[in-house]
Each structure stands twice: as C-alpha cells, then as structure tokens.
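Peer 1: This is the structure I have questions about; it appears just below.
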Amino acid sequence: RRNSAALSDALRHRLGLPSSTLAQLEAGLVGTTVIDPATHPADPRLVQRFGAELCLKHRILPWRTMAGRVTVLAASHQQFLRVRDALVVIFGPVHLAIVASEDLDAALSRMCHKTLMKNAETRTSPAESCRDWNAGKATRWGVSVILAILASLIVWPQTSFLVLCVWAVFTLVLNTILKIASAFFHLFPKTVPPVAADPQLERLPIVTILVPLFHERDIAGQLVQRLSRLEYPPDRLDVCLVLEADDGTTRDALAATQLPFWMRAIKVPLGTLQTKPRALNYALSFAKGSIIGVYDAEDAPAPDQINVVVNRFAQRGPDVACLQGRLDFYNSHSNWLARCFTVEYATWFRIILPGLERLRLAIPLGGTTLFFRREILEELGGWDAHNVTEDADLGIRLARHGYQTEIIDTVTQEEANARAWPWVKQRSRWLKGYAITYGVHMRNPLKLYRELGAWRFFGVQMLFAGTISQFLLAPLLWSFWLMMIGVPHPLDGVLSRNVALSLAAIFLLSEVIGITVSAIAVTSAGKRDLIKWTPTLHLYFPLAALAAYKGVIELATKPFYWEKTSHGIFAPTSLEQPDPTGPLQQLRHPAAAG
C-alpha cells in the first residue's frame, strides 16, 4: 500500500515473470495486442514526425498507420496515457499496442540511433564542454610557457626561482588553511536532524543505478552479489550494467552470470570516442528512474544507501541536485600504497569535501556513489563525454547553474589501486582532467565569476589551479628540506636566513597539520591502525608529482584518452558471499520459501 504498487508491478517484480509473459498480461488487461518491433519494424517516418527525443523521453514508439489511425507501442498503458494527448495532436486517432520492455529498448536503440549517438557525445553544451579542445594549440601554449620559464631561470635564475617558490608556498598555505577549517568543522559539526525513513512518501521513486563496465573479466559476478545487498525495494530499483559494444570480455562474464530481474545490461555502440561519461550519457536515455546513481564496477555500497539517498532528496528542496557518498577501501591493508591511498581518501571524503560543503564552495565530485535528480542532470546536459574527469567537471557545472551538492553519511567500499604504475596512470588521468576542466570553465573568467560569485570563484581557483600547481611545483617545496639540514639552497643570498627558515617552517608546519588531519580522518573511518602510516604520505605524494607531469604531457598528445584502471585484483573473499537478506535472495520463487 505504501508504494501504491499495481497488480502488474507485483507480477513483474515479485514473481520475476519473463517480459514476454508480462506483455501478454498487460495487453490482456487493456484489451489490445502484443507486437514485436524486431520482426515487424516501425515506420521511421512516424518516429521522425513525433521526434526521437520524445520517443526516448516517454518510452513510446509510433509504429505504423493502420485503418486510419497510428498504432503506438508502449510497455504499459500508463506510459501511453501520459503522452496520448500529444500523440493525438500530431497523428490524429491513435491506438495502443503493448511491447515487451526489452524489445522496446532494442527498437528505440535502432530507430533513434543517430539521436542516441549525438546525445552520448554532445549532450553537454559546447560552452561547457571540452570537446573542442585543441591539442595543437595546447602544445604551443605549453611549450611557450615552458620556454618562458626556462629563459627566466637562465636570465634571472634566483628571482625566477623565488617567484615560483612564493607561488608554491602561497598555494600550500591556502591548502593548509582549508585543511584546518575542514578539520574544525569535522570536530565541531553543526546539528542537523538525522536522515530517517519518511513515512509520508506515498510512492517510493524508481532509482536507476548506472554501472559502467569495461574489460571486467573477474568482477561481474561479484558486482551482482554486492548490489544484491541493497535493501531498497527491488521493484523500485533499476540497475543498468553499461558495457561497450566491442567489450567481449565483460559480455562473456555477464553471460555466465544470472542477473536478477531488477538488473539489465545496456550495450553502448561504438562511436568517435570511448569514455565512461559517453557510456553514461547513452545509458541515461534508457534509465527508468527519477533519481540517477552511479557506481563503479568494484563498488560495495552500504545496504541502506539507496534508502538514505531517497530520504535525503525527499527532505531537501529542488536546489539540492546531487548527493555524494563517502568512499573507502576494502583492501586498505593490501600493501603500503593501499594504506596511503586509504588515508588520502579518508581525508578527502570525510574532512575536505564536507568542509567545502560547510564553506559553501563548489564541490568537485567523485566518480562513484553519486546520485542526481534526473531532470536537473538532463537539464545540465549530462556528463561531458570528452572530459576524463567528468565528475569534477559536473560538480562545477552544478554550482554554475545554482544547484547544491550535499555530502551524505553513507559509505561505499571499493578497491584501492595499490600498484605503483597503475596508480600513477590513474592519477595522471585525474590531474589531466582537472587541468582540462579548469581550462574549460576559465574560458570566460568574467562569466564564471558572475555565475559563481566571488567566494566560489576563489574556491575554483584554489581547488584547480592550486592543486595542479602544487603537484607540478612540489620539487621546489621539497628543496626547503635542504635548509633544514644545512645544505646550500638556490635561494641562499636572495633571502635572509630568517625568511628562508620561515619558509621552511611553513613547509614543516603544513606537513604536521596534514598528518594531524589525516589521523583525524582515519580515526573517523574506524581505521586507527593507519595513523602510524600517515607520516609516510610524504613519500607517497611524489608519485602524484610524477603523475602530474605525465598528465601535462598528455594534454598535448592525447587529451581525451581514458586510462583504464584494472579491478578485481585485491578484492577480499569476505565481500564475495551473497547476503541472505538481500533482494536477490528475498525474491526467489515463493515455493522456495516453504
């Protein structure tokens, strides 16, 4: 009663009947027939008259003209009724015929192929997309800047070195202040009512979860088991496994896996590029939910996570367009790199991001455990298919359009990338994407300033320009350790010893503050044993400097190249066992319950 579930919903979701049987039942209820558009294709002229965009939006397909009226295919009577008046205006008399849901998706993908491909790659407006990124121009600018810096270092070596050091120290100070403020907010949180189940929700919304997969040989079955632990009613859950058309590895893995009825696969046709955001855009056209979530292939979300998301959206106004969950690692003790990665993520998701929210700054999103109001996501043009950090870019676009992102207290466990060179490749993609995102949004600084306001505009400069320059100029900061041990420094003779020691002290103090904030973060995550590893972050972040230089080179050579991260290497067996209380187990045939 709470979900206002119709009889057809109960048959479909509780008994797990095949879609062909459900189509026959639906047709019998409304007194019409079932049509298979694969054997009897639709008239493309009718689709063109109604518009492919509307066909995809309303999940209906004008089929053929017969006896002076147009037959329209839909998976249910309700879908047809929602758009019947518009159909009558365009076609005159119309008639409903039922089609199985899977057959409808297949027909829409064929009949609306051009529109789907265009939306997948160019859904985001040109002004907010990086698809016109000119690699040649970027190369010329990059070479010019490097040559200018080298020339300055040759002509005015000490002065140029000083200027670079001052900028590096300035961004370091800003980053340290942000950590202090965020840690203060964490230790002294504002009082907010807890997120609880909302009994006033008469009908729980359908939540679509998009899970992009690529070359996932070992993780498909594990993923199904992990998502089966979600406690949200499965008749309100729509999990879409998104795979590329040429990805035989993942396709074979899924073929050997029995998918529950609330989980389906969406195959993305080949196009001009192959990226995660392009796949997400394509799948968005087939989503059934009013809330859109994103998980990665290796994710293990908290069982009550979808309930938390739905309740929070119900309690917030429409200006809260996105909810970001916290990420943690289930292989945090695999090796030293995994431990440091866990410390870094704990600091970012438990301290820094909530701090940015409290400071009302724009939040660069993480790539998973994201949830959006669908209408707003579509209004903004989905994800930028060409941006390799589409999540951070979308976070800035949300802020530019006046929407808010909130951090929610729910955790998704995932797999830490705990091998050195794959870690560098992954981080180089992130930093490359940060640079591209910054370049896109700074095309028109005055417009960005007007849309964000002075405070958020400053935050974007600090988060993007500051982060990039911090990693690129990290070797300059490391040079201040020379002063601490009495080794000659390039700035000897330019700065007084007191000033030089002050700079070195700032660097040392920032290290202490960083270690302290990280210790607070891992304690909050329930991993106090990692506190002893926080000082070793000083040896961990040089890998990020290497990744930054790799990413800068790729800005000129392959800006849209997506560096694939392998999954399923460190997954523990403890997370591989299905939860006996999960929806996959709850919804077996009723006879099994006896």
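Following the order of the structure tokens, first chain is A, next is B, and so on, with residues numbered from 1 inside each chain and ligands from 1 in the order they appear.
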Which residues are near A:Pro490? Cut-off 9 Å, only C-alpha atoms, ignore same chain within fewer than 6 positions. Put them as an MDAnalysis selection string.
Peer 2: chainID A and resid 157:158 161:162 479
Peer 1: Any chance you can output those residues with N, CA and C atoms as a PDB file, in the first residue's frame?
Peer 2:
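As a result, out18.pdb now contains:
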ATOM      1  N   PRO A 157      68.024  33.700 -12.684  1.00  0.00           N
ATOM      2  CA  PRO A 157      67.829  32.398 -12.030  1.00  0.00           C
ATOM      3  C   PRO A 157      67.241  32.490 -10.626  1.00  0.00           C
ATOM      4  N   GLN A 158      67.815  33.319  -9.808  1.00  0.00           N
ATOM      5  CA  GLN A 158      67.348  33.351  -8.422  1.00  0.00           C
ATOM      6  C   GLN A 158      65.988  34.020  -8.294  1.00  0.00           C
ATOM      7  N   PHE A 161      63.350  31.608  -9.619  1.00  0.00           N
ATOM      8  CA  PHE A 161      63.168  30.522  -8.659  1.00  0.00           C
ATOM      9  C   PHE A 161      62.372  31.011  -7.454  1.00  0.00           C
ATOM     10  N   LEU A 162      62.640  32.249  -7.033  1.00  0.00           N
ATOM     11  CA  LEU A 162      61.930  32.825  -5.897  1.00  0.00           C
ATOM     12  C   LEU A 162      60.447  32.982  -6.199  1.00  0.00           C
ATOM     13  N   SER A 479      62.703  21.211  -1.865  1.00  0.00           N
ATOM     14  CA  SER A 479      64.054  21.786  -1.736  1.00  0.00           C
ATOM     15  C   SER A 479      64.252  22.482  -0.393  1.00  0.00           C
TER      16      SER A 479
END
Peer 1: Name the residues of stretch 330-515 of chain A that fall into strand (DSSP E or B) according to DSSP on the backbone, using the chain letters and numbers of this document, as a ChimeraX atom specification.
Peer 2: /A:370-373,404-414,492,495
Peer 1: Could you write out that same residue set with all heavy atoms as a tab-separated table (two decimals), in the first residue's frame?
Peer 2:
chain	number	residue	atom	x	y	z
A	370	LEU	N	27.45	8.64	-6.59
A	370	LEU	CA	26.83	9.92	-6.91
A	370	LEU	C	25.36	9.68	-7.23
A	370	LEU	O	25.01	8.70	-7.89
A	370	LEU	CB	27.50	10.56	-8.12
A	370	LEU	CG	28.92	11.08	-7.93
A	370	LEU	CD1	29.52	11.45	-9.27
A	370	LEU	CD2	28.92	12.28	-7.01
A	371	PHE	N	24.51	10.61	-6.80
A	371	PHE	CA	23.09	10.49	-7.06
A	371	PHE	C	22.55	11.86	-7.47
A	371	PHE	O	22.85	12.87	-6.82
A	371	PHE	CB	22.34	9.97	-5.82
A	371	PHE	CG	22.82	8.62	-5.38
A	371	PHE	CD1	23.87	8.50	-4.48
A	371	PHE	CD2	22.24	7.47	-5.89
A	371	PHE	CE1	24.33	7.25	-4.08
A	371	PHE	CE2	22.70	6.21	-5.50
A	371	PHE	CZ	23.73	6.11	-4.60
A	372	PHE	N	21.77	11.88	-8.55
A	372	PHE	CA	21.28	13.13	-9.13
A	372	PHE	C	19.77	13.09	-9.27
A	372	PHE	O	19.17	12.03	-9.50
A	372	PHE	CB	21.88	13.36	-10.53
A	372	PHE	CG	23.37	13.35	-10.58
A	372	PHE	CD1	24.06	12.18	-10.84
A	372	PHE	CD2	24.09	14.52	-10.37
A	372	PHE	CE1	25.44	12.17	-10.90
A	372	PHE	CE2	25.47	14.51	-10.42
A	372	PHE	CZ	26.15	13.35	-10.69
A	373	ARG	N	19.15	14.26	-9.18
A	373	ARG	CA	17.78	14.41	-9.65
A	373	ARG	C	17.83	14.37	-11.18
A	373	ARG	O	18.52	15.19	-11.79
A	373	ARG	CB	17.17	15.72	-9.16
A	373	ARG	CG	17.05	15.84	-7.64
A	373	ARG	CD	16.26	17.08	-7.27
A	373	ARG	NE	16.35	17.38	-5.86
A	373	ARG	CZ	15.52	16.92	-4.92
A	373	ARG	NH1	14.54	16.10	-5.29
A	373	ARG	NH2	15.66	17.25	-3.66
A	404	GLN	N	23.00	22.82	-5.60
A	404	GLN	CA	23.84	22.44	-4.47
A	404	GLN	C	24.14	20.95	-4.49
A	404	GLN	O	23.34	20.14	-4.96
A	404	GLN	CB	23.16	22.79	-3.14
A	404	GLN	CG	22.93	24.27	-2.91
A	404	GLN	CD	22.28	24.54	-1.57
A	404	GLN	OE1	22.49	23.80	-0.61
A	404	GLN	NE2	21.48	25.58	-1.50
A	405	THR	N	25.30	20.62	-3.95
A	405	THR	CA	25.70	19.23	-3.73
A	405	THR	C	25.87	19.02	-2.23
A	405	THR	O	26.48	19.85	-1.56
A	405	THR	CB	27.01	18.90	-4.45
A	405	THR	OG1	26.83	19.04	-5.85
A	405	THR	CG2	27.47	17.49	-4.14
A	406	GLU	N	25.33	17.93	-1.72
A	406	GLU	CA	25.49	17.61	-0.30
A	406	GLU	C	26.25	16.30	-0.15
A	406	GLU	O	26.10	15.38	-0.96
A	406	GLU	CB	24.13	17.50	0.40
A	406	GLU	CG	23.44	18.83	0.59
A	406	GLU	CD	22.23	18.73	1.51
A	406	GLU	OE1	21.96	17.61	2.02
A	406	GLU	OE2	21.55	19.75	1.71
A	407	ILE	N	27.06	16.23	0.90
A	407	ILE	CA	27.77	15.00	1.25
A	407	ILE	C	26.91	14.24	2.24
A	407	ILE	O	26.48	14.79	3.26
A	407	ILE	CB	29.15	15.31	1.87
A	407	ILE	CG1	29.91	16.33	1.02
A	407	ILE	CG2	29.95	14.03	2.04
A	407	ILE	CD1	30.18	15.87	-0.40
A	408	ILE	N	26.63	12.98	1.93
A	408	ILE	CA	25.76	12.18	2.80
A	408	ILE	C	26.59	11.16	3.56
A	408	ILE	O	27.63	10.69	3.09
A	408	ILE	CB	24.64	11.49	2.00
A	408	ILE	CG1	25.22	10.69	0.83
A	408	ILE	CG2	23.64	12.51	1.51
A	408	ILE	CD1	24.18	9.91	0.06
A	409	ASP	N	26.09	10.82	4.73
A	409	ASP	CA	26.82	9.92	5.63
A	409	ASP	C	26.49	8.47	5.30
A	409	ASP	O	25.78	7.78	6.04
A	409	ASP	CB	26.47	10.23	7.09
A	409	ASP	CG	27.35	9.47	8.06
A	409	ASP	OD1	28.39	8.95	7.62
A	409	ASP	OD2	26.99	9.39	9.25
A	410	THR	N	26.98	8.02	4.17
A	410	THR	CA	26.88	6.62	3.78
A	410	THR	C	28.14	6.26	3.02
A	410	THR	O	28.70	7.11	2.30
A	410	THR	CB	25.63	6.38	2.92
A	410	THR	OG1	25.55	4.99	2.57
A	410	THR	CG2	25.66	7.20	1.65
A	411	VAL	N	28.59	5.04	3.19
A	411	VAL	CA	29.92	4.66	2.69
A	411	VAL	C	29.79	3.57	1.63
A	411	VAL	O	29.00	2.64	1.77
A	411	VAL	CB	30.82	4.15	3.85
A	411	VAL	CG1	32.17	3.68	3.31
A	411	VAL	CG2	31.01	5.25	4.88
A	412	THR	N	30.58	3.73	0.58
A	412	THR	CA	30.75	2.69	-0.42
A	412	THR	C	32.18	2.19	-0.35
A	412	THR	O	33.13	2.99	-0.42
A	412	THR	CB	30.46	3.22	-1.84
A	412	THR	OG1	29.08	3.55	-1.93
A	412	THR	CG2	30.79	2.17	-2.89
A	413	GLN	N	32.33	0.89	-0.18
A	413	GLN	CA	33.66	0.29	-0.18
A	413	GLN	C	34.05	-0.01	-1.63
A	413	GLN	O	33.24	-0.51	-2.41
A	413	GLN	CB	33.64	-1.01	0.62
A	413	GLN	CG	33.24	-0.85	2.07
A	413	GLN	CD	34.35	-0.31	2.94
A	413	GLN	OE1	35.52	-0.39	2.59
A	413	GLN	NE2	33.99	0.24	4.08
A	414	GLU	N	35.28	0.30	-1.98
A	414	GLU	CA	35.78	-0.05	-3.30
A	414	GLU	C	37.22	-0.53	-3.20
A	414	GLU	O	37.77	-0.62	-2.10
A	414	GLU	CB	35.63	1.10	-4.29
A	414	GLU	CG	36.36	2.37	-3.94
A	414	GLU	CD	36.20	3.42	-5.04
A	414	GLU	OE1	35.32	3.28	-5.91
A	414	GLU	OE2	36.98	4.38	-5.05
A	492	ASP	N	69.84	30.86	-1.35
A	492	ASP	CA	70.84	31.42	-0.45
A	492	ASP	C	71.40	32.69	-1.08
A	492	ASP	O	71.79	32.73	-2.24
A	492	ASP	CB	71.97	30.43	-0.22
A	492	ASP	CG	71.54	29.26	0.66
A	492	ASP	OD1	70.48	29.39	1.32
A	492	ASP	OD2	72.23	28.22	0.68
A	495	LEU	N	67.34	35.46	-0.05
A	495	LEU	CA	66.54	35.64	1.14
A	495	LEU	C	67.43	35.69	2.37
A	495	LEU	O	68.48	35.03	2.42
A	495	LEU	CB	65.55	34.47	1.29
A	495	LEU	CG	64.58	34.21	0.13
A	495	LEU	CD1	63.75	32.98	0.43
A	495	LEU	CD2	63.67	35.40	-0.10
Peer 1: Taking the chain letters and numbering used in this document, name the residues of stretch 150-397 of chain A that DSSP puts in helix (DSSP H, G or I), as an MDAnalysis selection string.
Peer 2: chainID A and resid 150:155 157:187 220:227 234:236 248:255 276:284 305:315 336:358 374:379 390:397
Peer 1: Can you tell me how far atom CA of A:Pro62 sits from atom CA of A:Gln24, in Å to one decimal?
Peer 2: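 That distance, rounded to one decimal, is 19.4 Å.
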Peer 1: Could you list, as number ranges by chain, every residue within 8 Å of A:Pro37, counting only C-alpha atoms and ignoring same-chain residues fewer than 3 positions away?
Peer 2: A: 40-42, 99, 103-104, 107
Peer 1: Using the selection just defined, write its residues with N, CA and C atoms as an mmCIF file, in the first residue's frame.
Peer 2:
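Saved the output as result-v1.cif:
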data_model
loop_
_atom_site.group_PDB
_atom_site.id
_atom_site.type_symbol
_atom_site.label_atom_id
_atom_site.label_comp_id
_atom_site.auth_asym_id
_atom_site.auth_seq_id
_atom_site.Cartn_x
_atom_site.Cartn_y
_atom_site.Cartn_z
ATOM 1 N N HIS A 40 8.492 -6.959 -36.869
ATOM 2 C CA HIS A 40 7.629 -6.015 -37.596
ATOM 3 C C HIS A 40 8.107 -4.600 -37.276
ATOM 4 N N PRO A 41 9.118 -4.111 -38.020
ATOM 5 C CA PRO A 41 9.743 -2.820 -37.690
ATOM 6 C C PRO A 41 8.771 -1.655 -37.794
ATOM 7 N N ALA A 42 9.069 -0.620 -37.029
ATOM 8 C CA ALA A 42 8.261 0.600 -37.034
ATOM 9 C C ALA A 42 8.555 1.423 -38.285
ATOM 10 N N VAL A 99 4.327 -3.725 -26.026
ATOM 11 C CA VAL A 99 5.600 -4.298 -26.441
ATOM 12 C C VAL A 99 6.378 -4.664 -25.177
ATOM 13 N N ASP A 103 12.211 -5.490 -25.710
ATOM 14 C CA ASP A 103 12.018 -5.283 -27.147
ATOM 15 C C ASP A 103 11.869 -3.801 -27.466
ATOM 16 N N LEU A 104 11.217 -3.061 -26.569
ATOM 17 C CA LEU A 104 11.072 -1.620 -26.781
ATOM 18 C C LEU A 104 12.432 -0.934 -26.751
ATOM 19 N N ALA A 107 14.227 -1.658 -29.962
ATOM 20 C CA ALA A 107 13.666 -0.914 -31.087
ATOM 21 C C ALA A 107 14.044 0.561 -31.021
#
Peer 1: Write out as a PyMOL selection string the residues lying within 12 Å of A:Phe184, counting only C-alpha atoms and excluding same-chain residues fewer than 3 positions away.
Peer 2: chain A and resi 177-181+187-190+351-352+354-355+358-359+516-517+520-521
Peer 1: Can you tell me, as a PyMOL selection string, what residues are no more than 7 Å from stretch 208-221 of chain A when counting only C-alpha atoms, ignoring any on the same chain fewer than 6 positions away?
Peer 2: chain A and resi 237-244+247+249-250+253-254+257+276+279-280+287-289+291-298+568
Peer 1: What separation in Å, quoted to one decimal, exists between atom CA of A:Glu26 and atom CA of A:Ala106?
Peer 2: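 Spanning atom CA of A:Glu26 to atom CA of A:Ala106 is a straight-line distance of 19.2 Å.
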Peer 1: At what distance in Å, to one decimal, does atom CA of A:Ile436 lie from atom CA of A:Thr467?
Peer 2: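 About the pair atom CA of A:Thr467 and atom CA of A:Ile436: they are 13.0 Å apart.
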Peer 1: Can you work out which one of A:Ser228, A:Thr115, A:Asn444, A:Gln461 has the shortest atom-to-atom distance to A:Pro303, counting only C-alpha atoms?
Peer 2: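 The shortest atom-to-atom distance to A:Pro303 comes from A:Ser228.
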